[in-house]
>>> print(open('target_14.txt').read())   # compact mmCIF, N, CA and C atoms
# COMPACT_ATOMS: atom_id res chain seq x y z
N MET A 139 -62.42 -3.01 90.73
CA MET A 139 -62.54 -2.98 89.30
C MET A 139 -62.81 -1.53 88.88
N THR A 140 -61.96 -1.00 88.01
CA THR A 140 -62.15 0.36 87.53
C THR A 140 -62.60 0.34 86.08
N HIS A 141 -63.49 1.24 85.75
CA HIS A 141 -64.02 1.35 84.38
C HIS A 141 -63.49 2.63 83.76
N PRO A 142 -63.34 2.66 82.44
CA PRO A 142 -62.90 3.89 81.79
C PRO A 142 -63.98 4.97 81.96
N PRO A 143 -63.59 6.23 81.96
CA PRO A 143 -64.58 7.29 82.13
C PRO A 143 -65.57 7.30 80.98
N ALA A 144 -66.80 7.61 81.30
CA ALA A 144 -67.85 7.65 80.29
C ALA A 144 -67.67 8.87 79.40
N ILE A 145 -68.01 8.73 78.14
CA ILE A 145 -67.96 9.84 77.19
C ILE A 145 -69.20 10.70 77.41
N PRO A 146 -69.04 12.01 77.55
CA PRO A 146 -70.22 12.86 77.73
C PRO A 146 -71.20 12.70 76.58
N ARG A 147 -72.48 12.76 76.89
CA ARG A 147 -73.53 12.51 75.91
C ARG A 147 -73.50 13.49 74.75
N ARG A 148 -73.09 14.73 75.00
CA ARG A 148 -73.09 15.71 73.91
C ARG A 148 -72.06 15.40 72.84
N TRP A 149 -71.03 14.60 73.15
CA TRP A 149 -69.99 14.28 72.18
C TRP A 149 -70.30 13.02 71.38
N THR A 150 -71.31 12.27 71.74
CA THR A 150 -71.55 11.00 71.08
C THR A 150 -72.19 11.18 69.71
N ARG A 151 -72.79 12.31 69.42
CA ARG A 151 -73.48 12.53 68.15
C ARG A 151 -72.67 13.38 67.17
N VAL A 152 -71.45 13.71 67.50
CA VAL A 152 -70.64 14.59 66.66
C VAL A 152 -69.64 13.74 65.87
N CYS A 153 -69.57 13.99 64.56
CA CYS A 153 -68.61 13.27 63.73
C CYS A 153 -67.43 14.14 63.33
N ALA A 154 -67.70 15.22 62.63
CA ALA A 154 -66.64 16.09 62.12
C ALA A 154 -66.27 17.09 63.20
N VAL A 155 -65.12 16.92 63.79
CA VAL A 155 -64.75 17.77 64.91
C VAL A 155 -63.77 18.87 64.52
N THR A 156 -63.06 18.71 63.42
CA THR A 156 -62.12 19.75 63.02
C THR A 156 -62.65 20.49 61.80
N PRO A 157 -62.22 21.74 61.61
CA PRO A 157 -62.66 22.50 60.44
C PRO A 157 -62.25 21.83 59.12
N VAL A 158 -61.11 21.17 59.11
CA VAL A 158 -60.66 20.51 57.88
C VAL A 158 -61.63 19.38 57.50
N GLU A 159 -62.06 18.61 58.48
CA GLU A 159 -63.02 17.53 58.19
C GLU A 159 -64.34 18.09 57.69
N ARG A 160 -64.76 19.21 58.25
CA ARG A 160 -66.01 19.82 57.79
C ARG A 160 -65.89 20.36 56.37
N VAL A 161 -64.76 20.94 56.04
CA VAL A 161 -64.54 21.44 54.67
C VAL A 161 -64.52 20.27 53.69
N LEU A 162 -63.85 19.20 54.04
CA LEU A 162 -63.81 18.02 53.16
C LEU A 162 -65.20 17.43 52.98
N ARG A 163 -65.98 17.42 54.04
CA ARG A 163 -67.35 16.92 53.93
C ARG A 163 -68.20 17.82 53.03
N ALA A 164 -67.98 19.14 53.11
CA ALA A 164 -68.71 20.07 52.24
C ALA A 164 -68.30 19.87 50.79
N LEU A 165 -67.01 19.65 50.53
CA LEU A 165 -66.55 19.40 49.16
C LEU A 165 -67.15 18.09 48.63
N ALA A 166 -67.22 17.07 49.47
CA ALA A 166 -67.84 15.82 49.05
C ALA A 166 -69.32 16.03 48.74
N ALA A 167 -69.98 16.88 49.52
CA ALA A 167 -71.39 17.18 49.27
C ALA A 167 -71.57 17.88 47.93
N VAL A 168 -70.64 18.76 47.58
CA VAL A 168 -70.72 19.45 46.29
C VAL A 168 -70.56 18.45 45.14
N PHE A 169 -69.59 17.55 45.25
CA PHE A 169 -69.39 16.57 44.18
C PHE A 169 -70.56 15.60 44.06
N VAL A 170 -71.08 15.13 45.18
CA VAL A 170 -72.22 14.21 45.13
C VAL A 170 -73.46 14.94 44.63
N GLY A 171 -73.61 16.20 45.01
CA GLY A 171 -74.74 17.00 44.51
C GLY A 171 -74.64 17.23 43.00
N ALA A 172 -73.42 17.49 42.51
CA ALA A 172 -73.23 17.65 41.06
C ALA A 172 -73.54 16.36 40.33
N PHE A 173 -73.15 15.24 40.92
CA PHE A 173 -73.48 13.95 40.32
C PHE A 173 -74.99 13.75 40.28
N ALA A 174 -75.68 14.11 41.36
CA ALA A 174 -77.14 13.98 41.40
C ALA A 174 -77.80 14.83 40.33
N LEU A 175 -77.30 16.05 40.13
CA LEU A 175 -77.88 16.91 39.09
C LEU A 175 -77.59 16.38 37.69
N SER A 176 -76.41 15.80 37.50
CA SER A 176 -76.08 15.28 36.18
C SER A 176 -76.88 14.03 35.83
N MET A 177 -77.39 13.35 36.84
CA MET A 177 -78.20 12.15 36.61
C MET A 177 -79.69 12.47 36.65
N GLY A 178 -80.06 13.67 36.23
CA GLY A 178 -81.44 14.12 36.29
C GLY A 178 -82.42 13.25 35.51
N ASP A 179 -81.98 12.62 34.44
CA ASP A 179 -82.89 11.78 33.66
C ASP A 179 -83.07 10.39 34.28
N ASN A 180 -82.21 10.01 35.19
CA ASN A 180 -82.30 8.71 35.86
C ASN A 180 -82.60 8.95 37.34
N LEU A 181 -83.88 8.99 37.71
CA LEU A 181 -84.29 9.35 39.06
C LEU A 181 -83.87 8.31 40.10
N TRP A 182 -83.71 7.05 39.68
CA TRP A 182 -83.30 6.01 40.62
C TRP A 182 -81.90 6.27 41.16
N CYS A 183 -81.13 7.02 40.43
CA CYS A 183 -79.77 7.35 40.87
C CYS A 183 -79.71 8.77 41.43
N ALA A 184 -80.48 9.68 40.86
CA ALA A 184 -80.41 11.09 41.25
C ALA A 184 -80.98 11.34 42.64
N ILE A 185 -82.08 10.69 42.98
CA ILE A 185 -82.73 10.95 44.28
C ILE A 185 -81.86 10.48 45.45
N PRO A 186 -81.35 9.23 45.44
CA PRO A 186 -80.48 8.84 46.56
C PRO A 186 -79.20 9.67 46.64
N ALA A 187 -78.63 10.05 45.50
CA ALA A 187 -77.43 10.88 45.52
C ALA A 187 -77.75 12.27 46.08
N GLY A 188 -78.91 12.79 45.76
CA GLY A 188 -79.33 14.08 46.32
C GLY A 188 -79.53 14.02 47.82
N ILE A 189 -80.11 12.92 48.29
CA ILE A 189 -80.30 12.74 49.73
C ILE A 189 -78.95 12.64 50.43
N CYS A 190 -78.02 11.89 49.84
CA CYS A 190 -76.68 11.76 50.42
C CYS A 190 -75.96 13.10 50.44
N ALA A 191 -76.10 13.87 49.37
CA ALA A 191 -75.46 15.19 49.32
C ALA A 191 -76.04 16.11 50.39
N THR A 192 -77.34 16.03 50.60
CA THR A 192 -77.97 16.85 51.64
C THR A 192 -77.47 16.46 53.02
N LEU A 193 -77.40 15.16 53.29
CA LEU A 193 -76.91 14.71 54.59
C LEU A 193 -75.45 15.10 54.81
N LEU A 194 -74.64 15.00 53.76
CA LEU A 194 -73.24 15.42 53.88
C LEU A 194 -73.13 16.92 54.16
N LEU A 195 -73.95 17.71 53.50
CA LEU A 195 -73.91 19.15 53.71
C LEU A 195 -74.38 19.53 55.11
N VAL A 196 -75.43 18.89 55.57
CA VAL A 196 -75.91 19.15 56.94
C VAL A 196 -74.83 18.75 57.94
N GLY A 197 -74.17 17.62 57.70
CA GLY A 197 -73.09 17.20 58.58
C GLY A 197 -71.91 18.15 58.56
N ALA A 198 -71.64 18.75 57.40
CA ALA A 198 -70.53 19.69 57.29
C ALA A 198 -70.83 20.99 58.03
N VAL A 199 -72.06 21.43 57.96
CA VAL A 199 -72.42 22.70 58.59
C VAL A 199 -72.58 22.56 60.10
N THR A 200 -73.26 21.50 60.54
CA THR A 200 -73.59 21.36 61.96
C THR A 200 -72.66 20.45 62.74
N GLY A 201 -71.92 19.57 62.07
CA GLY A 201 -71.10 18.60 62.76
C GLY A 201 -71.87 17.34 63.12
N TRP A 202 -73.14 17.29 62.73
CA TRP A 202 -74.00 16.14 63.01
C TRP A 202 -73.57 14.96 62.16
N CYS A 203 -73.71 13.76 62.69
CA CYS A 203 -73.29 12.56 61.99
C CYS A 203 -74.50 11.85 61.39
N PRO A 204 -74.53 11.64 60.08
CA PRO A 204 -75.66 10.92 59.48
C PRO A 204 -75.82 9.50 60.02
N THR A 205 -74.75 8.90 60.52
CA THR A 205 -74.88 7.56 61.07
C THR A 205 -75.60 7.57 62.42
N ALA A 206 -75.89 8.76 62.96
CA ALA A 206 -76.67 8.84 64.20
C ALA A 206 -78.10 8.38 63.97
N LEU A 207 -78.52 8.30 62.71
CA LEU A 207 -79.86 7.81 62.40
C LEU A 207 -79.97 6.30 62.60
N LEU A 208 -78.84 5.61 62.54
CA LEU A 208 -78.84 4.16 62.70
C LEU A 208 -78.91 3.80 64.17
N PRO A 209 -79.69 2.78 64.51
CA PRO A 209 -79.77 2.40 65.93
C PRO A 209 -78.47 1.78 66.41
N ARG A 210 -78.14 2.04 67.65
CA ARG A 210 -76.94 1.48 68.24
C ARG A 210 -77.32 0.36 69.20
N ARG A 211 -76.53 -0.66 69.20
CA ARG A 211 -76.74 -1.74 70.14
C ARG A 211 -75.84 -1.48 71.35
N VAL A 212 -76.46 -1.34 72.48
CA VAL A 212 -75.70 -1.07 73.69
C VAL A 212 -75.70 -2.33 74.54
N ASP A 213 -74.51 -2.86 74.77
CA ASP A 213 -74.38 -4.05 75.61
C ASP A 213 -74.30 -3.63 77.07
N ALA A 214 -75.07 -4.31 77.88
CA ALA A 214 -75.02 -4.03 79.31
C ALA A 214 -73.75 -4.64 79.89
N PRO A 215 -73.11 -3.95 80.80
CA PRO A 215 -71.91 -4.52 81.40
C PRO A 215 -72.25 -5.81 82.16
N GLN A 216 -71.43 -6.81 81.98
CA GLN A 216 -71.67 -8.08 82.62
C GLN A 216 -70.67 -8.27 83.75
N GLU A 217 -71.13 -8.84 84.81
CA GLU A 217 -70.27 -9.11 85.95
C GLU A 217 -69.42 -10.34 85.67
N ASN A 218 -68.21 -10.31 86.13
CA ASN A 218 -67.31 -11.44 86.01
C ASN A 218 -67.51 -12.31 87.25
N THR A 219 -68.35 -13.34 87.13
CA THR A 219 -68.69 -14.16 88.28
C THR A 219 -67.67 -15.26 88.55
N LEU A 220 -66.80 -15.56 87.58
CA LEU A 220 -65.83 -16.63 87.76
C LEU A 220 -64.53 -16.16 88.39
N GLY A 221 -64.29 -14.86 88.42
CA GLY A 221 -63.06 -14.33 89.00
C GLY A 221 -61.85 -14.46 88.09
N ILE A 222 -62.04 -14.78 86.83
CA ILE A 222 -60.95 -14.92 85.88
C ILE A 222 -60.67 -13.55 85.27
N PRO A 223 -59.42 -13.07 85.28
CA PRO A 223 -59.12 -11.76 84.67
C PRO A 223 -59.45 -11.76 83.18
N GLU A 224 -59.95 -10.65 82.72
CA GLU A 224 -60.27 -10.52 81.30
C GLU A 224 -59.83 -9.15 80.82
N ALA A 225 -59.98 -8.92 79.54
CA ALA A 225 -59.44 -7.70 78.92
C ALA A 225 -60.10 -6.44 79.42
N ARG A 226 -61.33 -6.51 79.90
CA ARG A 226 -62.00 -5.30 80.35
C ARG A 226 -61.53 -4.84 81.72
N GLN A 227 -60.78 -5.69 82.39
CA GLN A 227 -60.33 -5.35 83.72
C GLN A 227 -58.81 -5.16 83.74
N ARG A 228 -58.36 -4.46 84.75
CA ARG A 228 -56.93 -4.31 84.94
C ARG A 228 -56.38 -5.62 85.51
N ILE A 229 -55.33 -6.13 84.89
CA ILE A 229 -54.78 -7.42 85.29
C ILE A 229 -53.50 -7.17 86.07
N ASP A 230 -53.48 -7.65 87.31
CA ASP A 230 -52.28 -7.56 88.15
C ASP A 230 -51.64 -8.93 88.22
N VAL A 231 -50.35 -9.00 87.94
CA VAL A 231 -49.65 -10.28 87.97
C VAL A 231 -48.80 -10.38 89.21
>>> encode(input="target_14.txt", output="structure tokens")
Amino acid sequence: MTHPPAIPRRWTRVCAVTPVERVLRALAAVFVGAFALSMGDNLWCAIPAGICATLLLVGAVTGWCPTALLPRRVDAPQENTLGIPEARQRIDV
């Protein structure tokens, strides 16, 4: 049974890998930040928009992914005890 190669740990936290994606993320941060400033009288809308703009800008500059803050569920590999071929394995006919 062969498994696909593991992804190096340093690549698992990176979202924007190309300069174009980073520029688009920075532009989105500018628009969301402008929206946050325009909603200055309504703090319930301005504060979350400001936080989102900050996260987008940090992601644009560093390549860090804001979704890295969310916990990931990692499933442990399970052994195939029945011997029935499944999608995770190479099937020989």
>>> atom_distance(input="target_14.txt", atom1="CA of Gly178 (chain A)", atom2="CA of Val196 (chain A)")
22.0 Å
>>> residues_around(input="target_14.txt", residues="Pro204 (chain A)", least_positions_apart="4", cutoff="7 Å", atoms="all atoms listed in the file", output="list of chain:residue names")
A:Leu193, A:Gly197, A:Leu208
>>> closest_residue(input="target_14.txt", among="A:Gly221, A:Cys190, A:Val199, A:Ala184", to="Thr156 (chain A)", atoms="only C-alpha atoms")
A:Val199
>>> closest_residue(input="target_14.txt", among="A:Cys183, A:Ala198, A:Ala174, A:Leu220", to="Arg160 (chain A)", atoms="all atoms listed in the file")
A:Ala198
>>> closest_residue(input="target_14.txt", among="A:Leu194, A:Val231, A:Met177, A:Ala206", to="Arg163 (chain A)", atoms="all atoms listed in the file")
A:Leu194
>>> axis_aligned_box(input="target_14.txt", around="region 171-177 of chain A", padding_each_side="3 Å", output="lines of an AutoDock Vina configuration file")
center_x = -76.4
center_y = 14.9
center_z = 40.4
size_x = 12.5
size_y = 11.5
size_z = 15.2
>>> closest_residue(input="target_14.txt", among="A:Val170, A:Cys203, A:Ser176, A:Glu159", to="Ile189 (chain A)", atoms="only N, CA and C atoms")
A:Val170
>>> atom_distance(input="target_14.txt", atom1="CA of Thr192 (chain A)", atom2="CA of Thr205 (chain A)")
13.6 Å
>>> atom_distance(input="target_14.txt", atom1="atom N of Leu165 (chain A)", atom2="CA of Trp182 (chain A)")
23.4 Å
